[in-house]
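The structure appears right after this line, and notes come after that.
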Amino acid sequence: MPKKSSPVALPAEPAPPVRLSVRKTYKLFIGGKFPRSESGRTYVVNGDNVALASRKDARDAVLAARVAQAKWAGATAYNRGQVLYRVAEMLEARRAEFAALGVPAGELDAAADRWVWYAGWADKIAQVAGSANPVAGPFFNISAPEPTGVVAVVAPPSLLGLTSVIAPAVVTGNTAVVLAPDPQVGITLAEVLATSDVPGGVVNILTGRHAETAPWLASHADVNALDLTGVEHADLAAELERSAAGTLKRVVRHRPGADFTGDPGLRPMTMLLETKTVWHPKGE
Amino acid sequence: MTATTPLGLSDLRSFLRGLPGVDKVGVESRAAALATRSVKASAKATAIDLAIRMVDLTTLEGADTPGKVRALCAKGMRPDPADPGCPPVAAICVYPAMVPVAAAALAGSGVRLASVATAFPSGQAPLEVKLADTRAAVAAGADEIDMVISRGAFLAGDYDRVFAEIVAVKEACGGAHLKVILETGELATYDNVRRASWLAMLAGADFIKTSTGKVAVNATLPITLVMLEAVRDFRERYGRQVGVKPAGGIRTTKDAIKYLVVINETAGDDWLDPDWFRFGASSLLNDLLMQRTKLTTGHYAGPDYFTLD
C-alpha cells in the first residue's frame with residue numbers, strides 16, 4: 001500500500017543529554033559471588049543501597065565457607081602466602097576508592113602492610129607454632145598446627161580492623177564468614193578479595209545488623225570458631241559466647257577498644273589453629 | 001505377536017501409541033511453578049518426617065561390604081540416634097549379594113528390604129539370568145525387587161518383549177513387591193516416559209521408578225510429574241493403585257519437599273504415604289536429618305554430627 005505523504009511537524013531539537021549517574025548497590029560477598037540478600041532487604045548508607053543480610057544469607061555463607069575450606073587448607077602455605085600478597089597489591093590499586101570512603105591514607109598503608117606481614121607468615125607459622133617433641137620412647141613426636149575450620153567473625157568497622165581479623169584467620173587455611181559493620185569498606189574489600197585469586201568461599205562478607213545474624217553463626221553446628229572482636233556490647237558478646245559453648249566453638253575476645261596499629265603478635269593466628277601431634281615409630 | 005494383558009487390552013502397541021502426547025513446555029512449567037511453593041514451620045516438620053519415612057536408603061556400589069551394609073541398616077532403623085522421635089526410613093536398598101547381610105540386620109525392625117535385580121543397572125542379560133537373579137534375591141529375604149526394563153527393546157519398539165519380561169519377573173517375585181525402573185534418562189522423551197509407565201503398570205508393576213542412579217540424567221521433577229499423572233490415570237481406569245519412586249539426584253530437603261508438593265497436586269494425598277511413594281537416595285537422608293535438627297533445636301546443624309553413610 002503506498003504511503004500517504006502528509007506534512008509532518010519536525011520534532012524540536014532534543015535537549016543536550018544529561019548523563020545519568022551509575023549508582024552502586026553494595027551487595028553481599030558469598031562464595032566468590034556478589035548476591036543480594038535472599039530476603040530482598042536493603043538499607044541505605046551514605047546515600048547508597050546496601051544489602052541487609054538475613055540468617056539464611058549467613059547459612060549460605062557458612063555452606064560456601066565449608067565447601068571451600070578443605071581445598072584452601074590443602075593449598076601449599078607458599079601458595080596461600082602469594083594469594084595474601086596479591087590482596088595487598090589489589091588494595092594498593094584501589095586506594096582512591098577507599099580514600100573516597102573516608103579511609104585515611106595512613107590506615108590504607110597500614111592495612112596493605114598488614115596483608116603483606118601475614119602473607120609472610122603463611123609458610124613460617126608451622127615452624128613457630130609447631131614443635132618436635134622429645135619423648136621417652138623410640139618415636140618421632142611431632143606437633144603441627146592445623147586450621148580450625150570455618151571461622152565466623154564479627155569484625156570491627158575500620159579497614160585495618162577488618163584486615164586484622166580476616167588475614168590471620170585465612171592465612172593458616174581457615175575460611176571465614178565475616179560480618180562487616182561498615183558495609184562500604186567491607187564490600188569494597190570484598191571486591192579486592194574477589195580480584196586477588198582468593199578462591200570463592202574462603203572469605204565471605206555479610207553486611208547488616210550483626211545483632212541479627214551473629215547469634216545464628218554462634219549457634220551454628222558447622223562453624224568451628226567465633227571471633228567477637230567487633231562486638232562492642234558486652235551483654236551481646238557474653239550471650240554469643242554462651243551460645244557458642246553449645247557446640248564447643250573456639251571463641252576469640254579482644255580487649256575493648258583494642259588498637260590495631262601495634263604489632264599483632266602471633267596470637268590472632270594461633271587462636272585459630274589446632275595442634276595435631278603425631279607419634280611416628282623410628283628404628284634403632 | 002499381540003500381547004493380551006490381564007486387563008483386557010488386545011493390542012498393547014496401539015494402546016501405548018494411542019496415549020496422548022505430553023506437552024513438554026506445559027509439564028516443565030507446571031513442575032517449575034509447583035517447585036516455588038513455600039513450606040514452613042510445622043508443615044515443614046511434618047514434610048521432613050514424611051520424607052524420612054519415604055526414603056529407600058540406598059547403597060549400590062561395587063565397593064559395598066557387609067560392614068557398610070550393616071551400618072546402613074542401623075542408620076535406616078534409627079536415622080538420628082540422638083532423637084528417638086525420628087522415624088525410620090521405608091527400606092534399605094542393596095545389591096542381591098548383600099541381601100542376606102541386610103536381612104539379618106533388619107530382621108523384626110519393620111524397615112523393608114529392597115534389592116535391585118535383573119542385571120541392574122543395564123538390564124542387558126538373558127531373561128533366564130534376570131529371573132534367577134530375582135528368585136535369588138527373594139529367597140535371600142528381599143521384600144521388594146527393583147528391576148530394570150530392557151531400554152534397548154523398549155526404544156526399538158519391542159513393547160511385547162518388555163511386557164513379557166515384566167510379567168515373568170513379577171511371577172518370579174512371588175510375594176515381593178515389584179518396582180520397575182524405567183531409566184527415564186535413557187528414554188529421551190516425555191512421551192516415552194508416559195508409555196513406559198503404562199506398559200509397566202499394565203504388566204503388573206507395584207511401583208514405577210525413574211532411574212538407576214547410574215546414568216547422567218536421573219530423577220527430575222517434570223519426569224516424576226508425568227509418572228504421577230500416569231499412576232493417577234491408571235487407578236481411575238483400572239482401580240489399582242501403583243506407587244512412584246524417583247531415584248538419583250535428590251539430595252536436599254528442599255528438593256524432597258518439592259516432590260511432596262508435586263505428589264499432592266498431581267496424584268493426590270493418597271500417594272503421600274511410604275506405601276505409595278519413595279525416594280531412592282543416600283545423601284538425602286543426612287540433609288533431612290540436619291533440617292530436622294534445625295527445627296527441633298533452633299540452631300543450624302552441621303554434617304559432622306551425622307554419620308557418613
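Identifiers for the C-alpha cells are assigned positionally: chains receive A, B, ... in sequence, residues are indexed from 1 per chain, and ligands are indexed from 1 in the order shown.
Residues from chain B found within 12 Å of chain A are Met290, Thr293, Lys294, Thr297, Gly298, His299, Tyr300, Ala301, Gly302, Pro303, Asp304, Tyr305 and Phe306 of chain B, counting only C-alpha atoms.
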DSSP on the backbone, strand (DSSP E) only: what residues of range 14-201 of chain A does that give? Format it as a PDB file with N, CA, C and O atoms, in the first residue's frame.
```pdb
ATOM      1  N   THR A  25      25.127  -0.424  44.095  1.00  0.00           N
ATOM      2  CA  THR A  25      24.491  -1.150  45.178  1.00  0.00           C
ATOM      3  C   THR A  25      25.541  -2.041  45.819  1.00  0.00           C
ATOM      4  O   THR A  25      26.211  -2.802  45.129  1.00  0.00           O
ATOM      5  N   TYR A  26      25.701  -1.916  47.122  1.00  0.00           N
ATOM      6  CA  TYR A  26      26.671  -2.762  47.827  1.00  0.00           C
ATOM      7  C   TYR A  26      25.985  -4.055  48.216  1.00  0.00           C
ATOM      8  O   TYR A  26      25.089  -4.070  49.059  1.00  0.00           O
ATOM      9  N   THR A  42      17.159  -4.245  51.877  1.00  0.00           N
ATOM     10  CA  THR A  42      18.302  -3.342  51.747  1.00  0.00           C
ATOM     11  C   THR A  42      18.166  -2.234  52.773  1.00  0.00           C
ATOM     12  O   THR A  42      17.100  -2.029  53.353  1.00  0.00           O
ATOM     13  N   TYR A  43      19.251  -1.512  53.011  1.00  0.00           N
ATOM     14  CA  TYR A  43      19.186  -0.296  53.799  1.00  0.00           C
ATOM     15  C   TYR A  43      20.128   0.714  53.160  1.00  0.00           C
ATOM     16  O   TYR A  43      20.898   0.366  52.252  1.00  0.00           O
ATOM     17  N   VAL A  44      20.026   1.936  53.599  1.00  0.00           N
ATOM     18  CA  VAL A  44      20.769   2.994  52.927  1.00  0.00           C
ATOM     19  C   VAL A  44      21.910   3.466  53.824  1.00  0.00           C
ATOM     20  O   VAL A  44      21.711   3.729  55.014  1.00  0.00           O
ATOM     21  N   VAL A  45      23.106   3.503  53.257  1.00  0.00           N
ATOM     22  CA  VAL A  45      24.262   4.014  53.975  1.00  0.00           C
ATOM     23  C   VAL A  45      24.912   5.083  53.106  1.00  0.00           C
ATOM     24  O   VAL A  45      25.275   4.811  51.957  1.00  0.00           O
ATOM     25  N   ASP A  48      23.860   5.258  49.559  1.00  0.00           N
ATOM     26  CA  ASP A  48      23.940   4.062  48.709  1.00  0.00           C
ATOM     27  C   ASP A  48      23.086   2.938  49.292  1.00  0.00           C
ATOM     28  O   ASP A  48      22.991   2.795  50.507  1.00  0.00           O
ATOM     29  N   ASN A  49      22.519   2.122  48.403  1.00  0.00           N
ATOM     30  CA  ASN A  49      21.781   0.946  48.859  1.00  0.00           C
ATOM     31  C   ASN A  49      22.743  -0.162  49.242  1.00  0.00           C
ATOM     32  O   ASN A  49      23.699  -0.444  48.524  1.00  0.00           O
ATOM     33  N   VAL A  50      22.457  -0.792  50.366  1.00  0.00           N
ATOM     34  CA  VAL A  50      23.316  -1.848  50.882  1.00  0.00           C
ATOM     35  C   VAL A  50      22.415  -3.034  51.232  1.00  0.00           C
ATOM     36  O   VAL A  50      21.330  -2.847  51.777  1.00  0.00           O
ATOM     37  N   ALA A  51      22.887  -4.251  50.890  1.00  0.00           N
ATOM     38  CA  ALA A  51      22.092  -5.446  51.215  1.00  0.00           C
ATOM     39  C   ALA A  51      22.076  -5.669  52.723  1.00  0.00           C
ATOM     40  O   ALA A  51      23.094  -5.527  53.391  1.00  0.00           O
ATOM     41  N   SER A 131      56.198 -28.125  66.810  1.00  0.00           N
ATOM     42  CA  SER A 131      57.424 -28.497  67.505  1.00  0.00           C
ATOM     43  C   SER A 131      57.734 -29.966  67.272  1.00  0.00           C
ATOM     44  O   SER A 131      56.862 -30.755  66.919  1.00  0.00           O
ATOM     45  N   ALA A 132      58.993 -30.303  67.468  1.00  0.00           N
ATOM     46  CA  ALA A 132      59.398 -31.704  67.526  1.00  0.00           C
ATOM     47  C   ALA A 132      59.623 -31.996  69.005  1.00  0.00           C
ATOM     48  O   ALA A 132      60.432 -31.346  69.656  1.00  0.00           O
ATOM     49  N   ASN A 133      58.859 -32.945  69.546  1.00  0.00           N
ATOM     50  CA  ASN A 133      58.857 -33.117  70.995  1.00  0.00           C
ATOM     51  C   ASN A 133      59.743 -34.277  71.414  1.00  0.00           C
ATOM     52  O   ASN A 133      59.644 -35.366  70.847  1.00  0.00           O
ATOM     53  N   PHE A 139      60.221 -42.980  69.256  1.00  0.00           N
ATOM     54  CA  PHE A 139      59.276 -42.310  68.366  1.00  0.00           C
ATOM     55  C   PHE A 139      59.780 -40.929  67.978  1.00  0.00           C
ATOM     56  O   PHE A 139      60.397 -40.246  68.791  1.00  0.00           O
ATOM     57  N   PHE A 140      59.507 -40.574  66.730  1.00  0.00           N
ATOM     58  CA  PHE A 140      59.499 -39.154  66.393  1.00  0.00           C
ATOM     59  C   PHE A 140      58.165 -38.620  66.885  1.00  0.00           C
ATOM     60  O   PHE A 140      57.130 -39.212  66.587  1.00  0.00           O
ATOM     61  N   ASN A 141      58.185 -37.539  67.605  1.00  0.00           N
ATOM     62  CA  ASN A 141      56.923 -36.988  68.096  1.00  0.00           C
ATOM     63  C   ASN A 141      56.830 -35.546  67.626  1.00  0.00           C
ATOM     64  O   ASN A 141      57.604 -34.694  68.046  1.00  0.00           O
ATOM     65  N   ILE A 142      55.888 -35.299  66.739  1.00  0.00           N
ATOM     66  CA  ILE A 142      55.825 -34.002  66.072  1.00  0.00           C
ATOM     67  C   ILE A 142      54.462 -33.374  66.303  1.00  0.00           C
ATOM     68  O   ILE A 142      53.434 -34.032  66.126  1.00  0.00           O
ATOM     69  N   SER A 143      54.449 -32.103  66.710  1.00  0.00           N
ATOM     70  CA  SER A 143      53.193 -31.365  66.816  1.00  0.00           C
ATOM     71  C   SER A 143      53.130 -30.349  65.694  1.00  0.00           C
ATOM     72  O   SER A 143      54.051 -29.561  65.529  1.00  0.00           O
ATOM     73  N   ALA A 144      52.032 -30.405  64.929  1.00  0.00           N
ATOM     74  CA  ALA A 144      51.898 -29.478  63.803  1.00  0.00           C
ATOM     75  C   ALA A 144      50.579 -28.738  63.934  1.00  0.00           C
ATOM     76  O   ALA A 144      49.563 -29.325  64.299  1.00  0.00           O
ATOM     77  N   PRO A 145      50.583 -27.416  63.650  1.00  0.00           N
ATOM     78  CA  PRO A 145      49.330 -26.667  63.718  1.00  0.00           C
ATOM     79  C   PRO A 145      48.479 -26.909  62.478  1.00  0.00           C
ATOM     80  O   PRO A 145      49.001 -26.993  61.374  1.00  0.00           O
ATOM     81  N   GLU A 146      47.168 -27.030  62.688  1.00  0.00           N
ATOM     82  CA  GLU A 146      46.234 -27.191  61.575  1.00  0.00           C
ATOM     83  C   GLU A 146      45.112 -26.178  61.738  1.00  0.00           C
ATOM     84  O   GLU A 146      44.779 -25.788  62.863  1.00  0.00           O
ATOM     85  N   PRO A 147      44.525 -25.754  60.619  1.00  0.00           N
ATOM     86  CA  PRO A 147      43.450 -24.764  60.735  1.00  0.00           C
ATOM     87  C   PRO A 147      42.247 -25.317  61.498  1.00  0.00           C
ATOM     88  O   PRO A 147      41.948 -26.508  61.424  1.00  0.00           O
ATOM     89  N   VAL A 150      35.975 -23.503  59.820  1.00  0.00           N
ATOM     90  CA  VAL A 150      35.194 -22.336  59.416  1.00  0.00           C
ATOM     91  C   VAL A 150      35.111 -21.375  60.612  1.00  0.00           C
ATOM     92  O   VAL A 150      34.709 -21.778  61.698  1.00  0.00           O
ATOM     93  N   VAL A 151      35.519 -20.141  60.383  1.00  0.00           N
ATOM     94  CA  VAL A 151      35.549 -19.153  61.457  1.00  0.00           C
ATOM     95  C   VAL A 151      34.494 -18.077  61.162  1.00  0.00           C
ATOM     96  O   VAL A 151      34.485 -17.505  60.071  1.00  0.00           O
ATOM     97  N   ALA A 152      33.629 -17.825  62.111  1.00  0.00           N
ATOM     98  CA  ALA A 152      32.679 -16.710  61.985  1.00  0.00           C
ATOM     99  C   ALA A 152      33.277 -15.506  62.698  1.00  0.00           C
ATOM    100  O   ALA A 152      33.743 -15.634  63.830  1.00  0.00           O
ATOM    101  N   VAL A 153      33.299 -14.365  62.025  1.00  0.00           N
ATOM    102  CA  VAL A 153      33.978 -13.194  62.559  1.00  0.00           C
ATOM    103  C   VAL A 153      33.012 -12.017  62.623  1.00  0.00           C
ATOM    104  O   VAL A 153      32.419 -11.649  61.605  1.00  0.00           O
ATOM    105  N   VAL A 154      32.840 -11.461  63.814  1.00  0.00           N
ATOM    106  CA  VAL A 154      32.171 -10.166  63.897  1.00  0.00           C
ATOM    107  C   VAL A 154      33.291  -9.137  63.878  1.00  0.00           C
ATOM    108  O   VAL A 154      34.048  -9.006  64.830  1.00  0.00           O
ATOM    109  N   THR A 175      38.624 -20.840  56.662  1.00  0.00           N
ATOM    110  CA  THR A 175      37.792 -19.973  55.833  1.00  0.00           C
ATOM    111  C   THR A 175      36.901 -19.164  56.775  1.00  0.00           C
ATOM    112  O   THR A 175      36.662 -19.578  57.909  1.00  0.00           O
ATOM    113  N   ALA A 176      36.432 -18.009  56.302  1.00  0.00           N
ATOM    114  CA  ALA A 176      35.790 -17.074  57.220  1.00  0.00           C
ATOM    115  C   ALA A 176      34.447 -16.579  56.694  1.00  0.00           C
ATOM    116  O   ALA A 176      34.262 -16.395  55.488  1.00  0.00           O
ATOM    117  N   VAL A 177      33.533 -16.401  57.625  1.00  0.00           N
ATOM    118  CA  VAL A 177      32.277 -15.689  57.355  1.00  0.00           C
ATOM    119  C   VAL A 177      32.343 -14.425  58.208  1.00  0.00           C
ATOM    120  O   VAL A 177      32.397 -14.497  59.442  1.00  0.00           O
ATOM    121  N   VAL A 178      32.388 -13.264  57.549  1.00  0.00           N
ATOM    122  CA  VAL A 178      32.683 -12.023  58.240  1.00  0.00           C
ATOM    123  C   VAL A 178      31.456 -11.122  58.241  1.00  0.00           C
ATOM    124  O   VAL A 178      30.851 -10.887  57.187  1.00  0.00           O
ATOM    125  N   LEU A 179      31.077 -10.641  59.412  1.00  0.00           N
ATOM    126  CA  LEU A 179      30.013  -9.640  59.495  1.00  0.00           C
ATOM    127  C   LEU A 179      30.695  -8.280  59.580  1.00  0.00           C
ATOM    128  O   LEU A 179      31.378  -7.978  60.564  1.00  0.00           O
ATOM    129  N   ALA A 180      30.535  -7.477  58.519  1.00  0.00           N
ATOM    130  CA  ALA A 180      31.248  -6.205  58.439  1.00  0.00           C
ATOM    131  C   ALA A 180      30.326  -5.063  58.833  1.00  0.00           C
ATOM    132  O   ALA A 180      29.303  -4.841  58.190  1.00  0.00           O
TER     133      ALA A 180
END
```
query = What lies within 8 Å of Ala77 in chain A using only C-alpha atoms, ignoring chain neighbours under 4 positions off, as a list in words?
reply =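 Here the answer would be Gly81, Ala122, Asp123 and Thr172 of chain A.
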Long-range neighbours of range 197-201 of chain B as a CSV table (one decimal) with N, CA, C and O atoms, in the first residue's frame, 9 Å cut-off, only C-alpha atoms, 3 positions minimum in chain:
```csv
chain,number,residue,atom,x,y,z
B,12,LEU,N,-1.4,-54.1,22.7
B,12,LEU,CA,-0.5,-53.2,23.5
B,12,LEU,C,0.1,-52.1,22.8
B,12,LEU,O,0.0,-50.9,23.2
B,16,LEU,N,-0.4,-48.2,23.6
B,16,LEU,CA,0.7,-47.3,24.0
B,16,LEU,C,0.9,-46.1,23.1
B,16,LEU,O,1.1,-45.0,23.5
B,149,ILE,N,14.0,-52.3,33.2
B,149,ILE,CA,13.4,-52.8,31.9
B,149,ILE,C,14.5,-52.8,30.9
B,149,ILE,O,15.6,-52.2,31.0
B,159,TYR,N,7.6,-53.6,22.5
B,159,TYR,CA,6.9,-53.4,23.7
B,159,TYR,C,6.5,-54.8,24.3
B,159,TYR,O,6.5,-55.0,25.5
B,162,VAL,N,9.3,-56.4,26.4
B,162,VAL,CA,9.4,-55.7,27.7
B,162,VAL,C,8.3,-56.1,28.6
B,162,VAL,O,8.5,-56.4,29.8
B,163,PHE,N,7.1,-56.1,28.0
B,163,PHE,CA,5.9,-56.5,28.8
B,163,PHE,C,6.0,-57.9,29.3
B,163,PHE,O,5.8,-58.2,30.5
B,166,ILE,N,8.5,-58.1,32.2
B,166,ILE,CA,8.0,-57.6,33.5
B,166,ILE,C,7.1,-58.7,34.1
B,166,ILE,O,7.1,-59.0,35.3
B,167,VAL,N,6.2,-59.3,33.3
B,167,VAL,CA,5.3,-60.3,33.7
B,167,VAL,C,6.0,-61.4,34.4
B,167,VAL,O,5.7,-61.9,35.4
B,180,VAL,N,9.5,-51.2,39.1
B,180,VAL,CA,10.0,-51.3,37.7
B,180,VAL,C,10.8,-50.0,37.4
B,180,VAL,O,10.2,-48.9,37.4
B,181,ILE,N,12.1,-50.1,37.1
B,181,ILE,CA,12.9,-48.9,36.8
B,181,ILE,C,12.8,-48.6,35.3
B,181,ILE,O,13.2,-49.5,34.5
B,182,LEU,N,12.3,-47.5,35.0
B,182,LEU,CA,12.2,-47.1,33.6
B,182,LEU,C,13.4,-46.6,33.0
B,182,LEU,O,13.6,-46.5,31.8
B,192,ASN,N,7.8,-41.1,25.8
B,192,ASN,CA,8.3,-42.4,26.1
B,192,ASN,C,8.1,-42.8,27.6
B,192,ASN,O,7.9,-43.9,28.0
B,193,VAL,N,8.3,-41.7,28.4
B,193,VAL,CA,8.2,-42.0,29.9
B,193,VAL,C,6.7,-42.4,30.2
B,193,VAL,O,6.5,-43.3,30.9
B,194,ARG,N,5.8,-41.7,29.5
B,194,ARG,CA,4.4,-42.0,29.8
B,194,ARG,C,4.1,-43.4,29.3
B,194,ARG,O,3.4,-44.2,30.0
B,204,GLY,N,1.9,-55.3,35.6
B,204,GLY,CA,1.7,-55.7,36.9
B,204,GLY,C,2.7,-55.1,37.9
B,204,GLY,O,2.8,-55.6,39.1
B,205,ALA,N,3.4,-54.0,37.6
B,205,ALA,CA,4.3,-53.3,38.5
B,205,ALA,C,3.5,-52.8,39.7
B,205,ALA,O,2.4,-52.3,39.6
B,206,ASP,N,4.2,-52.9,40.9
B,206,ASP,CA,3.6,-52.3,42.1
B,206,ASP,C,4.1,-50.9,42.3
B,206,ASP,O,3.4,-50.1,43.0
B,207,PHE,N,5.3,-50.6,41.7
B,207,PHE,CA,5.8,-49.3,41.8
B,207,PHE,C,6.5,-49.0,40.4
B,207,PHE,O,6.9,-49.9,39.7
B,208,ILE,N,6.5,-47.8,40.0
B,208,ILE,CA,7.3,-47.4,38.8
B,208,ILE,C,8.4,-46.4,39.3
B,208,ILE,O,8.1,-45.5,40.1
B,209,LYS,N,9.6,-46.6,38.9
B,209,LYS,CA,10.7,-45.9,39.5
B,209,LYS,C,11.5,-45.3,38.3
B,209,LYS,O,11.6,-45.8,37.2
B,226,VAL,N,5.0,-36.5,35.2
B,226,VAL,CA,4.4,-37.3,34.2
B,226,VAL,C,4.1,-38.7,34.7
B,226,VAL,O,3.0,-39.2,34.4
B,227,MET,N,5.0,-39.3,35.5
B,227,MET,CA,4.7,-40.6,36.1
B,227,MET,C,3.5,-40.6,37.1
B,227,MET,O,2.7,-41.5,37.1
B,230,ALA,N,0.4,-40.6,35.3
B,230,ALA,CA,0.2,-41.9,34.7
B,230,ALA,C,-0.5,-42.8,35.8
B,230,ALA,O,-1.5,-43.5,35.6
B,231,VAL,N,0.1,-42.8,37.1
B,231,VAL,CA,-0.5,-43.7,38.1
B,231,VAL,C,-1.9,-43.2,38.5
B,231,VAL,O,-2.8,-44.0,38.8
B,234,PHE,N,-4.1,-44.3,35.7
B,234,PHE,CA,-4.2,-45.8,35.7
B,234,PHE,C,-5.2,-46.2,36.8
B,234,PHE,O,-6.1,-47.1,36.5
B,242,VAL,N,-0.8,-47.7,42.0
B,242,VAL,CA,0.6,-48.0,41.8
B,242,VAL,C,1.4,-46.9,42.4
B,242,VAL,O,1.1,-45.8,42.3
```
message = Using only C-alpha atoms, which protein or nucleic acid residues come within 8 Å of Leu260 in chain B? Drop anything in the same chain fewer than 4 positions from it, and give the result as a PyMOL selection string.
response = chain B and resi 47+51+256+264+272
Would you export the selected residues with C-alpha atoms as a tab-separated table (two decimals), in the first residue's frame, please?
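This is the output file out-v3.tsv:
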```tsv
chain	number	residue	atom	x	y	z
B	47	ALA	CA	7.02	-32.90	55.47
B	51	ALA	CA	10.14	-37.65	53.58
B	256	ALA	CA	12.30	-33.59	48.60
B	264	ASN	CA	-0.17	-33.72	46.38
B	272	LEU	CA	1.56	-39.11	50.31
```
task = Using DSSP on the backbone coordinates, identify all residues within range 53-267 of chain A classified as helix (DSSP H, G or I); present the result as a PyMOL selection string.
result = chain A and resi 55-74+77-93+95-100+105-121+125-129+159-171+183-194+210-219+234-245+267
query = Any idea what's packed within 8 Å of range 259-269 of chain A, counting only C-alpha atoms, ignoring anything in its chain fewer than 3 positions away? Could you give it as an MDAnalysis selection string?
reply = chainID A and resid 110 160:161 164:165 168:169 171:172 272:273
